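Participant: File query.cif below, mmCIF, C-alpha atoms and all ligand atoms:
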```cif
data_coords
loop_
_atom_site.label_atom_id
_atom_site.label_comp_id
_atom_site.auth_asym_id
_atom_site.auth_seq_id
_atom_site.Cartn_x
_atom_site.Cartn_y
_atom_site.Cartn_z
CA MET A 920 -244.89 -132.91 242.08
CA ASP A 921 -248.58 -132.19 242.54
CA HIS A 922 -251.10 -134.53 240.92
CA PRO A 923 -249.61 -135.61 237.59
CA VAL A 924 -250.76 -134.09 234.34
CA THR A 925 -250.34 -135.26 230.75
CA ASP A 926 -246.76 -133.95 230.58
CA ASP A 927 -245.76 -135.93 233.65
CA ILE A 928 -247.24 -139.10 232.18
CA ALA A 929 -245.36 -138.50 228.91
CA HIS A 930 -242.14 -137.99 230.88
CA ALA A 931 -242.79 -141.19 232.86
CA VAL A 932 -243.25 -143.12 229.61
CA ASP A 933 -239.91 -141.77 228.33
CA VAL A 934 -238.21 -142.88 231.54
CA LEU A 935 -239.68 -146.39 231.24
CA ARG A 936 -238.70 -146.66 227.58
CA VAL A 937 -235.03 -146.05 228.33
CA GLY A 938 -235.05 -148.63 231.12
CA GLY A 939 -235.67 -146.26 234.04
CA LEU A 940 -237.73 -146.75 237.18
CA VAL A 941 -241.00 -144.90 237.83
CA ALA A 942 -242.90 -145.11 241.11
CA PHE A 943 -246.62 -144.73 240.58
CA PRO A 944 -249.82 -144.86 242.63
CA THR A 945 -252.33 -147.69 242.48
CA GLU A 946 -255.47 -148.15 244.54
CA THR A 947 -253.66 -150.69 246.75
CA VAL A 948 -250.13 -149.39 247.38
CA TYR A 949 -247.51 -147.48 245.36
CA GLY A 950 -245.61 -149.60 242.85
CA LEU A 951 -242.00 -149.31 241.64
CA GLY A 952 -242.35 -149.74 237.90
CA ALA A 953 -240.05 -150.95 235.12
CA ASP A 954 -240.67 -152.09 231.54
CA ALA A 955 -241.71 -155.75 231.93
CA ALA A 956 -240.01 -156.64 228.64
CA ASN A 957 -236.62 -155.05 229.46
CA PRO A 958 -234.23 -157.40 231.31
CA ARG A 959 -231.76 -154.61 232.15
CA ALA A 960 -234.48 -152.42 233.69
CA LEU A 961 -235.76 -155.39 235.66
CA ARG A 962 -232.31 -156.20 237.03
CA ARG A 963 -232.03 -152.61 238.26
CA LEU A 964 -235.53 -152.85 239.77
CA PHE A 965 -234.54 -155.90 241.82
CA ALA A 966 -231.29 -154.24 242.88
CA VAL A 967 -233.04 -151.07 244.09
CA LYS A 968 -235.70 -153.10 245.90
CA ARG A 969 -232.94 -155.35 247.33
CA ARG A 970 -235.21 -158.17 246.35
CA PRO A 971 -233.92 -161.72 245.73
CA VAL A 972 -233.95 -162.26 241.95
CA ASP A 973 -236.05 -165.41 242.20
CA HIS A 974 -239.02 -163.59 243.76
CA PRO A 975 -241.47 -162.74 240.95
CA VAL A 976 -243.07 -159.31 240.55
CA ILE A 977 -246.55 -158.42 239.30
CA VAL A 978 -246.99 -157.15 235.73
CA HIS A 979 -249.54 -154.32 235.44
CA VAL A 980 -251.52 -153.80 232.25
CA ALA A 981 -254.02 -151.17 231.10
CA ARG A 982 -256.97 -153.32 230.10
CA PRO A 983 -258.53 -156.67 231.04
CA THR A 984 -258.36 -157.78 227.38
CA GLN A 985 -254.54 -157.76 227.67
CA LEU A 986 -254.68 -160.83 229.92
CA ASP A 987 -254.29 -162.97 226.80
CA ASP A 988 -251.49 -160.80 225.40
CA PHE A 989 -249.30 -161.42 228.44
CA GLY A 990 -250.53 -164.84 229.53
CA ARG A 991 -251.11 -167.99 227.50
CA ASP A 992 -253.57 -170.86 227.91
CA VAL A 993 -255.56 -168.57 230.20
CA PRO A 994 -258.38 -170.64 231.73
CA GLN A 995 -262.03 -169.55 231.78
CA VAL A 996 -261.93 -169.04 235.54
CA ALA A 997 -259.30 -166.32 235.04
CA HIS A 998 -261.50 -164.53 232.51
CA THR A 999 -264.43 -164.72 234.92
CA LEU A 1000 -262.38 -163.20 237.74
CA ALA A 1001 -260.83 -160.56 235.49
CA ALA A 1002 -264.20 -159.50 234.08
CA ALA A 1003 -265.65 -159.10 237.56
CA CYS A 1004 -262.69 -157.59 239.45
CA TRP A 1005 -260.61 -155.56 236.96
CA PRO A 1006 -259.71 -152.81 237.22
CA GLY A 1007 -259.20 -153.66 240.86
CA PRO A 1008 -257.06 -155.23 243.61
CA LEU A 1009 -256.81 -158.74 242.16
CA THR A 1010 -253.68 -160.36 240.69
CA LEU A 1011 -254.05 -163.46 238.54
CA VAL A 1012 -251.14 -165.88 238.18
CA VAL A 1013 -251.28 -167.42 234.69
CA ARG A 1014 -248.80 -169.02 232.28
CA ARG A 1015 -246.34 -166.46 230.92
CA ARG A 1016 -245.95 -165.38 227.31
CA GLY A 1017 -242.20 -164.99 226.90
CA ASP A 1018 -242.36 -162.33 224.18
CA ARG A 1019 -244.13 -159.76 226.40
CA VAL A 1020 -242.72 -160.57 229.83
CA ALA A 1021 -238.99 -161.07 230.39
CA ALA A 1022 -237.94 -164.04 232.52
CA GLU A 1023 -236.29 -161.54 234.92
CA ALA A 1024 -239.76 -160.30 235.95
CA THR A 1025 -240.88 -163.69 237.15
CA GLY A 1026 -237.74 -165.10 238.70
CA GLY A 1027 -237.42 -167.36 235.66
CA ARG A 1028 -240.82 -168.93 236.27
CA ASP A 1029 -243.11 -170.04 233.52
CA THR A 1030 -245.98 -168.13 235.18
CA VAL A 1031 -246.72 -164.45 235.62
CA GLY A 1032 -248.89 -162.42 238.00
CA ILE A 1033 -251.00 -159.87 236.09
CA ARG A 1034 -253.31 -157.13 237.24
CA VAL A 1035 -255.19 -154.04 235.99
CA PRO A 1036 -254.95 -151.41 238.73
CA ASP A 1037 -257.89 -149.13 239.51
CA HIS A 1038 -256.22 -145.74 239.73
CA PRO A 1039 -256.48 -142.92 237.17
CA VAL A 1040 -252.74 -142.18 237.23
CA ALA A 1041 -251.74 -145.84 236.92
CA ARG A 1042 -254.19 -146.32 234.06
CA ALA A 1043 -253.07 -143.19 232.24
CA LEU A 1044 -249.46 -144.35 232.55
CA LEU A 1045 -250.25 -147.89 231.36
CA ASP A 1046 -252.36 -146.61 228.49
CA ALA A 1047 -249.64 -144.25 227.32
CA PHE A 1048 -246.87 -146.85 227.75
CA GLY A 1049 -248.79 -149.59 226.00
CA GLY A 1050 -246.74 -152.51 227.36
CA GLY A 1051 -246.68 -154.21 230.71
CA ILE A 1052 -245.17 -152.48 233.74
CA ALA A 1053 -243.52 -154.82 236.22
CA ALA A 1054 -243.98 -153.34 239.69
CA PRO A 1055 -243.48 -154.63 243.18
CA SER A 1056 -244.54 -152.38 246.06
CA ALA A 1057 -242.22 -149.33 246.10
CA ASN A 1058 -240.51 -150.10 249.40
CA ARG A 1059 -237.26 -151.91 250.20
CA PHE A 1060 -237.72 -155.67 250.39
CA GLY A 1061 -239.45 -156.83 253.55
CA ARG A 1062 -240.53 -153.39 254.76
CA VAL A 1063 -244.00 -151.85 255.09
CA SER A 1064 -245.60 -150.99 251.73
CA PRO A 1065 -245.94 -147.29 250.79
CA THR A 1066 -249.41 -145.73 250.51
CA THR A 1067 -248.30 -142.16 249.70
CA ALA A 1068 -245.67 -140.65 247.38
CA ARG A 1069 -243.95 -139.36 250.50
CA HIS A 1070 -243.50 -142.93 251.79
CA VAL A 1071 -241.84 -143.86 248.49
CA ARG A 1072 -239.38 -141.00 248.74
CA ASP A 1073 -238.67 -141.85 252.38
CA ASP A 1074 -237.74 -145.41 251.38
CA LEU A 1075 -236.15 -145.17 247.94
CA ASP A 1076 -234.99 -141.59 247.75
CA GLY A 1077 -232.44 -141.15 244.94
CA ASP A 1078 -232.80 -144.71 243.64
CA VAL A 1079 -235.96 -144.02 241.62
CA ASP A 1080 -235.96 -141.83 238.51
CA LEU A 1081 -239.47 -140.41 238.93
CA VAL A 1082 -242.25 -140.57 241.53
CA LEU A 1083 -245.77 -139.89 240.28
CA ASP A 1084 -247.89 -138.52 243.12
CA GLY A 1085 -251.51 -139.64 242.96
CA GLY A 1086 -252.45 -138.93 246.56
CA PRO A 1087 -253.02 -141.55 249.28
CA CYS A 1088 -254.04 -145.05 248.13
CA THR A 1089 -257.75 -145.73 248.59
CA VAL A 1090 -257.51 -149.44 249.43
CA GLY A 1091 -254.22 -149.26 251.35
CA ILE A 1092 -253.39 -152.96 251.32
CA GLU A 1093 -251.93 -155.12 248.50
CA SER A 1094 -253.95 -157.03 245.92
CA THR A 1095 -255.37 -160.49 246.48
CA ILE A 1096 -253.32 -163.00 244.45
CA VAL A 1097 -255.04 -166.00 242.89
CA ASP A 1098 -253.09 -168.69 241.06
CA VAL A 1099 -255.24 -170.10 238.25
CA THR A 1100 -252.63 -172.35 236.64
CA GLY A 1101 -253.74 -175.52 238.43
CA ALA A 1102 -256.88 -177.63 238.51
CA GLU A 1103 -258.51 -175.19 240.91
CA PRO A 1104 -257.82 -171.54 241.85
CA VAL A 1105 -255.53 -171.08 244.82
CA VAL A 1106 -255.37 -167.91 246.90
CA LEU A 1107 -251.67 -167.10 247.39
CA ARG A 1108 -252.21 -163.83 249.26
CA ILE A 1109 -255.40 -162.38 250.68
CA GLY A 1110 -255.76 -158.65 249.99
CA GLY A 1111 -258.05 -156.04 248.51
CA ILE A 1112 -260.61 -158.54 247.16
CA GLY A 1113 -262.16 -160.59 249.96
CA GLU A 1114 -262.51 -164.35 249.88
CA GLU A 1115 -266.31 -164.02 250.02
CA ARG A 1116 -266.25 -162.12 246.74
CA LEU A 1117 -263.99 -164.73 245.13
CA ALA A 1118 -266.28 -167.48 246.37
CA GLU A 1119 -269.30 -165.72 244.86
CA LEU A 1120 -267.52 -165.59 241.52
CA VAL A 1121 -265.89 -168.98 241.20
CA GLY A 1122 -267.41 -171.07 243.98
CA ARG A 1123 -266.01 -171.52 247.45
CA PRO A 1124 -265.02 -175.22 247.27
CA ARG A 1125 -262.58 -174.52 244.45
CA LEU A 1126 -260.72 -171.94 246.50
CA THR A 1127 -258.18 -173.36 248.85
CA ARG A 1128 -255.69 -171.24 250.68
CA ARG A 1129 -252.27 -172.82 250.71
CA THR A 1130 -250.89 -173.71 254.08
CA GLU A 1131 -248.05 -171.65 255.52
CA GLY A 1132 -244.62 -172.63 254.24
CA GLU A 1133 -245.93 -174.18 251.08
CA VAL A 1134 -245.96 -170.85 249.26
CA ALA A 1135 -242.81 -169.50 247.69
CA ALA A 1136 -244.28 -166.00 247.26
CA PRO A 1137 -242.47 -163.27 249.23
CA GLY A 1138 -245.72 -161.62 250.23
CA THR A 1139 -246.29 -164.67 252.32
CA LEU A 1140 -243.00 -164.61 254.20
CA GLU A 1141 -243.46 -163.96 257.91
CA SER A 1142 -240.79 -161.25 257.82
CA HIS A 1143 -242.88 -159.11 255.47
CA TYR A 1144 -244.89 -156.02 256.32
CA ALA A 1145 -242.83 -155.44 259.45
CA PRO A 1146 -242.01 -152.03 260.89
CA ALA A 1147 -238.80 -151.56 262.89
CA ALA A 1148 -240.67 -151.58 266.21
CA ARG A 1149 -241.88 -154.85 267.71
CA VAL A 1150 -245.57 -155.36 266.95
CA GLU A 1151 -247.76 -156.99 269.59
CA LEU A 1152 -251.37 -158.01 268.94
CA VAL A 1153 -253.92 -157.61 271.74
CA GLY A 1154 -257.67 -157.95 272.10
CA ALA A 1155 -259.59 -154.70 272.59
CA ALA A 1156 -260.47 -155.72 276.15
CA GLU A 1157 -256.82 -156.26 277.15
CA LEU A 1158 -255.39 -153.14 275.52
CA ASP A 1159 -255.40 -150.81 278.53
CA ALA A 1160 -253.95 -153.37 280.90
CA ARG A 1161 -251.16 -154.32 278.48
CA LEU A 1162 -250.36 -150.67 277.79
CA GLY A 1163 -250.08 -149.97 281.52
CA CYS A 1164 -247.90 -153.00 282.05
CA LEU A 1165 -245.42 -152.12 279.28
CA ARG A 1166 -245.24 -148.46 280.30
CA ALA A 1167 -244.61 -149.43 283.92
CA ALA A 1168 -241.60 -151.40 282.65
CA GLY A 1169 -240.25 -148.24 280.98
CA ILE A 1170 -241.00 -149.40 277.44
CA VAL A 1171 -242.01 -146.74 274.90
CA VAL A 1172 -245.32 -147.90 273.47
CA GLY A 1173 -247.47 -146.67 270.60
CA VAL A 1174 -251.03 -147.81 269.99
CA LEU A 1175 -251.98 -148.35 266.35
CA ASP A 1176 -255.07 -146.46 265.24
CA ALA A 1177 -257.76 -149.14 264.68
CA PRO A 1178 -260.87 -147.69 263.01
CA ASP A 1179 -264.12 -149.69 263.44
CA ASP A 1180 -264.68 -149.70 259.70
CA VAL A 1181 -262.38 -152.38 258.22
CA GLY A 1182 -262.02 -150.50 254.93
CA GLU A 1183 -260.76 -147.49 256.82
CA TYR A 1184 -258.49 -149.74 258.91
CA ALA A 1185 -256.91 -151.08 255.69
CA ARG A 1186 -256.47 -147.55 254.35
CA VAL A 1187 -254.60 -146.26 257.42
CA LEU A 1188 -252.74 -149.46 258.45
CA TYR A 1189 -249.35 -148.92 256.77
CA GLN A 1190 -249.43 -145.17 257.35
CA GLY A 1191 -250.03 -145.89 261.05
CA LEU A 1192 -247.17 -148.39 261.32
CA ARG A 1193 -244.80 -145.97 259.58
CA GLU A 1194 -245.85 -143.07 261.79
CA LEU A 1195 -245.22 -145.05 264.98
CA ASP A 1196 -241.81 -146.11 263.65
CA ARG A 1197 -241.00 -142.50 262.91
CA ARG A 1198 -241.82 -141.63 266.53
CA GLY A 1199 -239.27 -144.27 267.57
CA VAL A 1200 -241.49 -146.42 269.80
CA ASP A 1201 -240.16 -149.77 271.03
CA VAL A 1202 -243.47 -151.59 270.85
CA ILE A 1203 -246.58 -151.11 268.72
CA LEU A 1204 -249.79 -152.44 270.30
CA ALA A 1205 -252.38 -153.33 267.67
CA VAL A 1206 -255.96 -154.57 268.01
CA PRO A 1207 -256.71 -156.63 264.87
CA PRO A 1208 -260.13 -156.26 263.23
CA PRO A 1209 -262.55 -159.21 263.08
CA ALA A 1210 -261.11 -161.39 260.30
CA THR A 1211 -264.57 -162.39 259.18
CA ARG A 1212 -265.58 -159.21 257.38
CA GLY A 1213 -264.32 -158.07 253.96
CA LEU A 1214 -260.89 -156.51 254.25
CA GLY A 1215 -260.73 -157.62 257.89
CA ALA A 1216 -259.03 -160.88 256.91
CA ALA A 1217 -256.36 -159.04 254.90
CA VAL A 1218 -255.67 -156.51 257.68
CA ALA A 1219 -255.50 -159.29 260.28
CA ASP A 1220 -253.12 -161.22 258.00
CA ARG A 1221 -250.69 -158.30 257.60
CA LEU A 1222 -250.77 -157.56 261.34
CA ARG A 1223 -250.08 -161.20 262.15
CA ARG A 1224 -247.05 -161.17 259.82
CA ALA A 1225 -245.83 -157.88 261.24
CA ALA A 1226 -246.11 -159.32 264.77
CA ALA A 1227 -244.29 -162.53 263.79
CA HIS A 1228 -241.21 -160.55 262.78
O1 LIG B 1301 -251.31 -154.50 245.20
C1 LIG B 1301 -250.29 -155.03 244.77
O2 LIG B 1301 -250.26 -156.22 244.43
C2 LIG B 1301 -249.05 -154.16 244.65
C3 LIG B 1301 -249.30 -153.07 243.62
C4 LIG B 1301 -248.09 -152.24 243.35
O3 LIG B 1301 -249.82 -153.65 242.45
N1 LIG B 1301 -247.90 -154.93 244.32
C5 LIG B 1301 -247.29 -155.78 245.19
O4 LIG B 1301 -246.15 -156.35 244.67
O5 LIG B 1301 -247.71 -156.01 246.30
P1 LIG B 1301 -245.10 -157.18 245.53
O6 LIG B 1301 -243.96 -157.47 244.61
O7 LIG B 1301 -244.76 -156.46 246.78
O8 LIG B 1301 -245.83 -158.53 245.77
C6 LIG B 1301 -246.06 -159.34 244.66
C7 LIG B 1301 -246.50 -160.69 245.08
C8 LIG B 1301 -245.38 -161.48 245.70
O9 LIG B 1301 -245.89 -162.15 246.84
C9 LIG B 1301 -245.03 -162.45 244.59
O10 LIG B 1301 -244.44 -163.60 245.04
C10 LIG B 1301 -246.36 -162.69 243.96
O11 LIG B 1301 -246.93 -161.42 243.94
N2 LIG B 1301 -246.21 -163.17 242.60
C11 LIG B 1301 -245.94 -162.44 241.51
N3 LIG B 1301 -245.82 -163.22 240.43
C12 LIG B 1301 -246.03 -164.48 240.84
C13 LIG B 1301 -246.00 -165.75 240.20
N4 LIG B 1301 -245.74 -165.89 238.90
N5 LIG B 1301 -246.25 -166.83 240.96
C14 LIG B 1301 -246.49 -166.70 242.28
N6 LIG B 1301 -246.51 -165.54 242.95
C15 LIG B 1301 -246.27 -164.45 242.24
MG MG B 1302 -244.35 -155.88 248.63
#
```
When written as structure tokens, how does the structure in this file appear?
Ligand code: TXA
Ligand code: MG
Facilitator:
Amino acid sequence: MDHPVTDDIAHAVDVLRVGGLVAFPTETVYGLGADAANPRALRRLFAVKRRPVDHPVIVHVARPTQLDDFGRDVPQVAHTLAAACWPGPLTLVVRRRGDRVAAEATGGRDTVGIRVPDHPVARALLDAFGGGIAAPSANRFGRVSPTTARHVRDDLDGDVDLVLDGGPCTVGIESTIVDVTGAEPVVLRIGGIGEERLAELVGRPRLTRRTEGEVAAPGTLESHYAPAARVELVGAAELDARLGCLRAAGIVVGVLDAPDDVGEYARVLYQGLRELDRRGVDVILAVPPPATRGLGAAVADRLRRAAAH
């Protein structure tokens, strides 16, 4: 399919209404969508993803005002973040309203992650569907997230009823997840919205990143975001020496493209990891960006997890 038109959106809505699965583009990565209120569709979603049923998925909605339709007792801080960042790469974890979000979407939890994606195809789909669309990244559990429709087909092939092609994702890395159910906001996963931006909006002292191991969110498992090849992180200054050393030992090495601009690095990161896997290299050498600038922290985080695999 070329870029989707009104007919494709209408077809996608029909598929969702009968409990089918639709992969769709967002600005971050492609999502594998199911009706968030349909337990049967959600069970199939988890099966296709090969995702443990207790790992919650994000519910996507069309408009920021729907935060209160899907969540309850939503605190002011969530409204502040939603007003400033939506549509955009921010997920807010709030208390769940059981009538709009099935327990299957949240692993039985009383909370739900909600976001309004910033992509014309995603928004057209959500607008036409009206309800919430539960969607994890459209890859098999634990693998690198897809940033093109082609990646989705490579991973999920016949297991998805429809793939909407909206071109390559413009952010390229998953949303930042902030849990606002406690006394202060907690960043569960750093992503498309940088911590500096969050701090500007709700004040730095109230943002604490949970320590490793404390978080039960799958996006924070070390085994996530890993290609098949072994990923090794090196400083820019050591790259050539390390490359020479590995090659001398007969190891097939690929060097990950590392653009100077961190936004561009985020955009090409998953594509680059997939491409090197496709070439069948044994080792991927990657130079992480400075973690101090914007998306740099998110890119460095995903590379660190990929290397820990
Ligand atoms: O950018 C994104 O967030 C993409 C696009 C498709 O929106 N989605 C995505 O979904 O990355 P997924 O399933 O691969 O990651 C969702 C993350 C997981 O780490 C999950 O644990 C966390 O969101 N999450 C969802 N609901 C949660 C909840 N109620 N409490 C804690 N964590 C939650
Ligand atoms: Mg994922």
Participant: My list of candidates is A:Ala1003, A:Leu1117, A:Ala1041, A:Gly1051. Which is closest to Val978 (chain A) when distances are computed with all atoms listed in the file?
Facilitator: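 For Val978 (chain A), the nearest of the given residues is A:Gly1051.
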Participant: Do you know which residues are at most 8 Å from Tyr949 (chain A) counting all atoms listed in the file, after dropping those on the same chain fewer than 4 positions away, and could you put them as number ranges by chain?
Facilitator: A: 942-945, 1056-1057, 1064-1068, 1071, 1088
Participant: Generate the output file for the selected residues, C-alpha atoms, as an mmCIF file, keeping the file's coordinate frame.
Facilitator:
```cif
data_model
loop_
_atom_site.group_PDB
_atom_site.id
_atom_site.type_symbol
_atom_site.label_atom_id
_atom_site.label_comp_id
_atom_site.auth_asym_id
_atom_site.auth_seq_id
_atom_site.Cartn_x
_atom_site.Cartn_y
_atom_site.Cartn_z
ATOM 1 C CA ALA A 942 -242.900 -145.110 241.110
ATOM 2 C CA PHE A 943 -246.620 -144.730 240.580
ATOM 3 C CA PRO A 944 -249.820 -144.860 242.630
ATOM 4 C CA THR A 945 -252.330 -147.690 242.480
ATOM 5 C CA SER A 1056 -244.540 -152.380 246.060
ATOM 6 C CA ALA A 1057 -242.220 -149.330 246.100
ATOM 7 C CA SER A 1064 -245.600 -150.990 251.730
ATOM 8 C CA PRO A 1065 -245.940 -147.290 250.790
ATOM 9 C CA THR A 1066 -249.410 -145.730 250.510
ATOM 10 C CA THR A 1067 -248.300 -142.160 249.700
ATOM 11 C CA ALA A 1068 -245.670 -140.650 247.380
ATOM 12 C CA VAL A 1071 -241.840 -143.860 248.490
ATOM 13 C CA CYS A 1088 -254.040 -145.050 248.130
#
```
Participant: Around ligand MG 1302 (chain B), out to 12 Å and counting only C-alpha atoms and all ligand atoms, which residues are there? I want them as a PyMOL selection string.
Facilitator: chain A and resi 947-951+965+968-970+974-977+1054-1066+1092-1094+1108+1110+1136-1140+1142-1145+1189+1221
Participant: Quick one: of A:Val1172, A:Leu1222, A:Val980, A:Ala1227, who's nearest to Ile1203 (chain A), counting all atoms listed in the file?
Facilitator: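 Ranked by minimum distance to Ile1203 (chain A), first place goes to A:Val1172.
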Participant: What is the CA of Leu1081 (chain A)-CA of Asp926 (chain A) distance in Å, reported with one decimal?
Facilitator: 12.8 Å
